[in-house]
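Raw contents of target-v9.cif, mmCIF, C-alpha atoms:
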data_model
#
loop_
_atom_site.label_atom_id
_atom_site.label_comp_id
_atom_site.auth_asym_id
_atom_site.auth_seq_id
_atom_site.Cartn_x
_atom_site.Cartn_y
_atom_site.Cartn_z
CA ALA A 1 21.41 3.03 -30.12
CA LYS A 2 17.70 3.07 -29.47
CA LYS A 3 16.61 5.36 -26.62
CA ARG A 4 14.14 4.12 -24.08
CA THR A 5 11.11 6.40 -24.11
CA THR A 6 8.57 4.57 -21.96
CA TRP A 7 8.03 3.46 -18.43
CA SER A 8 7.66 -0.21 -17.60
CA ALA A 9 5.53 -1.63 -14.82
CA LEU A 10 6.70 -4.88 -13.31
CA PHE A 11 4.59 -6.97 -11.00
CA ALA A 12 4.69 -9.97 -8.75
CA GLY A 13 1.52 -11.78 -7.83
CA ASP A 14 -1.99 -11.95 -9.22
CA SER A 15 -2.06 -10.85 -12.87
CA SER A 16 -5.82 -10.22 -12.70
CA VAL A 17 -5.16 -7.37 -10.26
CA VAL A 18 -2.61 -5.93 -12.68
CA ASP A 19 -5.20 -6.20 -15.47
CA GLU A 20 -7.64 -4.23 -13.30
CA ILE A 21 -5.00 -1.56 -12.62
CA LYS A 22 -4.14 -1.32 -16.34
CA ALA A 23 -7.82 -0.99 -17.23
CA GLN A 24 -8.32 1.70 -14.57
CA PHE A 25 -5.18 3.52 -15.77
CA GLY A 26 -6.60 3.64 -19.29
CA LYS A 27 -10.11 4.52 -18.11
CA ASP A 28 -8.69 7.47 -16.16
CA GLY A 29 -7.00 8.72 -19.35
CA HIS A 30 -3.50 8.42 -17.90
CA ALA A 31 -2.18 6.26 -20.76
CA ASP A 32 -3.25 8.80 -23.39
CA ARG A 33 -2.07 11.82 -21.41
CA LEU A 34 1.34 10.42 -20.47
CA GLY A 35 1.87 8.82 -23.87
CA LYS A 36 1.45 12.14 -25.69
CA VAL A 37 4.88 13.60 -25.19
CA ASP A 38 7.12 14.75 -28.01
CA PRO A 39 9.57 12.17 -29.43
CA GLY A 40 12.68 12.05 -27.28
CA GLU A 41 10.83 13.61 -24.34
CA PHE A 42 9.97 11.82 -21.13
CA PRO A 43 6.98 12.33 -18.82
CA LYS A 44 7.71 13.90 -15.46
CA LEU A 45 8.39 11.43 -12.68
CA GLU A 46 5.75 12.99 -10.44
CA GLU A 47 3.09 12.72 -13.16
CA VAL A 48 3.82 9.05 -13.74
CA ALA A 49 3.86 8.28 -10.01
CA GLU A 50 0.63 10.19 -9.34
CA ALA A 51 -1.17 8.56 -12.26
CA LEU A 52 -0.28 5.02 -11.22
CA SER A 53 -0.98 5.78 -7.55
CA ASP A 54 -4.41 7.15 -8.46
CA SER A 55 -5.35 4.04 -10.42
CA VAL A 56 -4.03 1.63 -7.77
CA LYS A 57 -6.01 3.45 -5.04
CA LYS A 58 -9.22 3.06 -7.03
CA VAL A 59 -8.67 -0.67 -7.60
CA TRP A 60 -7.80 -1.19 -3.91
CA LEU A 61 -10.90 0.73 -2.81
CA ARG A 62 -13.15 -1.37 -5.07
CA ALA A 63 -11.65 -4.56 -3.63
CA TYR A 64 -12.10 -3.21 -0.10
CA GLU A 65 -15.73 -2.29 -0.75
CA SER A 66 -16.56 -5.66 -2.29
CA TYR A 67 -14.97 -7.49 0.66
CA VAL A 68 -16.28 -5.31 3.49
CA PHE A 69 -19.62 -3.86 2.43
CA GLU A 70 -21.15 -5.97 -0.37
CA PRO A 71 -21.63 -9.16 1.70
CA LEU A 72 -23.70 -7.03 4.10
CA GLY A 73 -25.83 -5.55 1.33
CA LEU A 74 -24.19 -2.13 1.65
CA THR A 75 -21.93 0.16 -0.33
CA ARG A 76 -19.42 2.63 1.02
CA GLU A 77 -21.66 5.45 -0.17
CA LEU A 78 -24.72 4.07 1.63
CA TYR A 79 -22.67 3.59 4.78
CA ALA A 80 -21.25 7.13 4.56
CA GLU A 81 -24.69 8.64 3.93
CA ARG A 82 -26.01 7.22 7.17
CA SER A 83 -26.04 10.31 9.37
CA ASP A 84 -27.20 8.29 12.35
CA LEU A 85 -25.07 5.18 12.84
CA ASP A 86 -27.54 4.09 15.50
CA ALA A 87 -29.84 3.26 12.58
CA LEU A 88 -27.59 0.29 11.78
CA PRO A 89 -27.81 -2.71 14.06
CA ASP A 90 -24.80 -3.27 16.32
CA GLU A 91 -24.10 -6.65 14.71
CA VAL A 92 -23.82 -5.00 11.26
CA LEU A 93 -21.45 -2.33 12.60
CA GLN A 94 -19.41 -5.09 14.26
CA LYS A 95 -19.23 -7.07 10.98
CA ILE A 96 -18.13 -3.96 9.05
CA MET A 97 -15.36 -3.36 11.59
CA GLU A 98 -14.25 -7.01 11.60
CA ARG A 99 -14.25 -7.28 7.80
CA GLY A 100 -12.38 -3.98 7.47
CA ILE A 101 -9.67 -5.13 9.85
CA ALA A 102 -9.43 -8.53 8.17
CA PHE A 103 -9.07 -6.92 4.73
CA THR A 104 -6.37 -4.45 5.72
CA ASP A 105 -4.42 -6.71 8.09
CA GLU A 106 -4.81 -10.24 6.81
CA ARG A 107 -5.98 -10.29 3.21
CA GLU A 108 -3.40 -9.82 0.49
CA PHE A 109 -4.15 -7.26 -2.22
CA GLY A 110 -2.76 -9.72 -4.71
CA CYS A 111 0.23 -8.05 -6.29
CA ASP A 112 3.29 -5.89 -5.77
CA LEU A 113 4.24 -3.25 -8.35
CA ALA A 114 7.50 -1.70 -9.43
CA LEU A 115 7.74 1.06 -12.01
CA CYS A 116 10.95 1.69 -13.93
CA GLY A 117 11.80 4.36 -16.46
CA PHE A 118 13.37 7.72 -17.13
CA ASP A 119 12.04 11.04 -15.91
CA ASP A 120 11.92 14.36 -17.72
CA ARG A 121 15.52 15.05 -16.62
CA ARG A 122 16.55 11.69 -18.13
CA ARG A 123 17.39 10.22 -14.74
CA SER A 124 16.59 6.56 -14.29
CA ALA A 125 13.98 5.91 -11.66
CA VAL A 126 12.71 2.84 -9.86
CA LEU A 127 9.49 3.25 -7.90
CA THR A 128 7.46 0.81 -5.89
CA VAL A 129 3.74 1.26 -5.39
CA ASP A 130 1.98 -0.30 -2.42
CA GLU A 131 -1.58 -1.63 -2.44
CA ARG A 132 -3.02 1.69 -1.29
CA GLY A 133 -1.19 3.70 -3.93
CA GLY A 134 1.71 4.85 -1.76
CA VAL A 135 4.80 5.48 -3.87
CA THR A 136 8.37 4.84 -2.71
CA ARG A 137 11.23 6.24 -4.75
CA ASN A 138 14.29 4.01 -4.73
CA PHE A 139 16.87 6.60 -5.78
CA ALA A 140 19.36 5.91 -2.98
CA GLU A 141 19.53 2.18 -3.69
CA GLY A 142 18.99 2.39 -7.44
CA PHE A 143 17.15 -0.93 -7.34
CA CYS A 144 14.25 -2.64 -5.66
CA ALA A 145 12.77 -6.08 -5.37
CA ILE A 146 9.11 -7.02 -5.16
CA GLY A 147 7.19 -10.17 -4.41
CA GLN A 148 7.55 -12.91 -1.87
CA GLY A 149 11.37 -12.90 -1.78
CA ALA A 150 11.77 -9.12 -1.87
CA GLU A 151 13.45 -8.75 1.52
CA THR A 152 16.02 -11.43 0.79
CA ALA A 153 16.72 -10.14 -2.73
CA THR A 154 17.08 -6.54 -1.53
CA ALA A 155 19.50 -7.59 1.21
CA ARG A 156 21.52 -9.66 -1.26
CA LEU A 157 21.77 -6.80 -3.77
CA GLY A 158 22.86 -4.49 -0.97
CA LEU A 159 25.52 -6.92 0.22
CA LEU A 160 26.82 -7.25 -3.35
CA GLY A 161 27.31 -3.49 -3.42
CA HIS A 162 24.79 -2.59 -6.10
CA SER A 163 24.22 1.16 -6.28
CA PRO A 164 22.87 3.71 -8.78
CA PRO A 165 26.17 4.37 -10.59
CA LEU A 166 26.63 0.71 -11.57
CA ASP A 167 25.58 -0.46 -15.04
CA LEU A 168 22.69 -2.87 -15.21
#
Kindly present the structure from the file in structure tokens form.
Amino acid sequence: AKKRTTWSALFAGDSSVVDEIKAQFGKDGHADRLGKVDPGEFPKLEEVAEALSDSVKKVWLRAYESYVFEPLGLTRELYAERSDLDALPDEVLQKIMERGIAFTDEREFGCDLALCGFDDRRRSAVLTVDERGGVTRNFAEGFCAIGQGAETATARLGLLGHSPPLDL
């Protein structure tokens, strides 16, 4: 029987966001670092989770900056460098606040991510990663669902009695 030696990322939503995350993951060197384990070895769960979280945070931050600051001719760095916020007109500060709230509350990031694999102790793991890079470990349930029907699917799996000891 062939042993599984890699992690798989599953997504629901906009594939272009996933492409950005994959590119960032590679650019950060995570793919090379985590892929260089001895045959039969598995990367540590924490390393995999931190690496993906790091890349997702960077992609989210770029999207936030392009939505909030770029239309106003600013960058996050320029905004942060302003030691005297009184130097910015009130209407610009108001727009930054409105756009920031709209991005975080109303605008969708574009995709949901789940990460599945085996950790260094050969335990199966299912992780979900939110748009800001927050990682949730789904050890208790042993499963997760992502995407538009996630709540319904998760409830259904729970009602059917799925749990970590069951075979896939």
List the neighbours of segment 144-160 of chain A out to 10 Å using all atoms listed in the file; skip same-chain residues closer than 2 positions along the sequence, and give me the result as a CSV table (one decimal) with C-alpha atoms, in the frame of the given file.
chain,number,residue,atom,x,y,z
A,10,LEU,CA,6.7,-4.9,-13.3
A,11,PHE,CA,4.6,-7.0,-11.0
A,12,ALA,CA,4.7,-10.0,-8.8
A,13,GLY,CA,1.5,-11.8,-7.8
A,110,GLY,CA,-2.8,-9.7,-4.7
A,111,CYS,CA,0.2,-8.0,-6.3
A,112,ASP,CA,3.3,-5.9,-5.8
A,113,LEU,CA,4.2,-3.2,-8.4
A,114,ALA,CA,7.5,-1.7,-9.4
A,115,LEU,CA,7.7,1.1,-12.0
A,116,CYS,CA,11.0,1.7,-13.9
A,126,VAL,CA,12.7,2.8,-9.9
A,127,LEU,CA,9.5,3.2,-7.9
A,128,THR,CA,7.5,0.8,-5.9
A,129,VAL,CA,3.7,1.3,-5.4
A,136,THR,CA,8.4,4.8,-2.7
A,137,ARG,CA,11.2,6.2,-4.8
A,138,ASN,CA,14.3,4.0,-4.7
A,139,PHE,CA,16.9,6.6,-5.8
A,141,GLU,CA,19.5,2.2,-3.7
A,142,GLY,CA,19.0,2.4,-7.4
A,162,HIS,CA,24.8,-2.6,-6.1
A,163,SER,CA,24.2,1.2,-6.3
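Across the model, the gap from atom CA of Asp119 of chain A to atom CA of Val48 of chain A is 8.7 Å.
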* To do: For the structure provided, state which residues fall under the PyMOL selection byres ((chain A and resi 15-29) around 7), and present them as a PyMOL selection string.
  => chain A and resi 13-14+30-33+52+55-56+59+110-111
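Residue nearest Phe103 of chain A, chosen from A:Arg123, A:Lys57, A:Glu65, A:Leu72 and counting only C-alpha atoms: A:Glu65.
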* **All residues 6 Å or closer to Gly117 of chain A, all atoms listed in the file, same chain fewer than 2 positions away omitted, as a PyMOL selection string** => chain A and resi 7+124-125
* Name the closest residue to Ile96 of chain A among the candidates A:Glu46, A:Asp120, A:Glu70, A:Glu81; distances are taken between atoms, counting all atoms listed in the file. => A:Glu70
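Residue membership of the PyMOL selection byres ((chain A and resi 133) around 7) in the shown file amounts to Ser53, Asp54, Val56, Lys57, Val129, Asp130, Glu131, Arg132, Gly134 and Val135 of chain A.
The smallest atom-to-atom distance between Phe69 of chain A and any of A:Ser8, A:Glu47, A:Val92, A:Ala87, using only C-alpha atoms, is found for A:Val92.
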* Asked: Just how far from atom CA of Val68 of chain A is atom CA of Leu93 of chain A, in Å to one decimal?
  -> 10.9 Å
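Between atom CA of Gly35 of chain A and atom CA of Phe109 of chain A the interatomic distance comes to 27.6 Å.
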Report, as lines of an AutoDock Vina configuration file, the centre and edge lengths in Å (one decimal) of the axis-aligned box enclosing every listed atom of segment 42-56 of chain A, padded by 8 Å on each side.
center_x = 2.3
center_y = 7.8
center_z = -14.3
size_x = 31.3
size_y = 28.3
size_z = 29.6
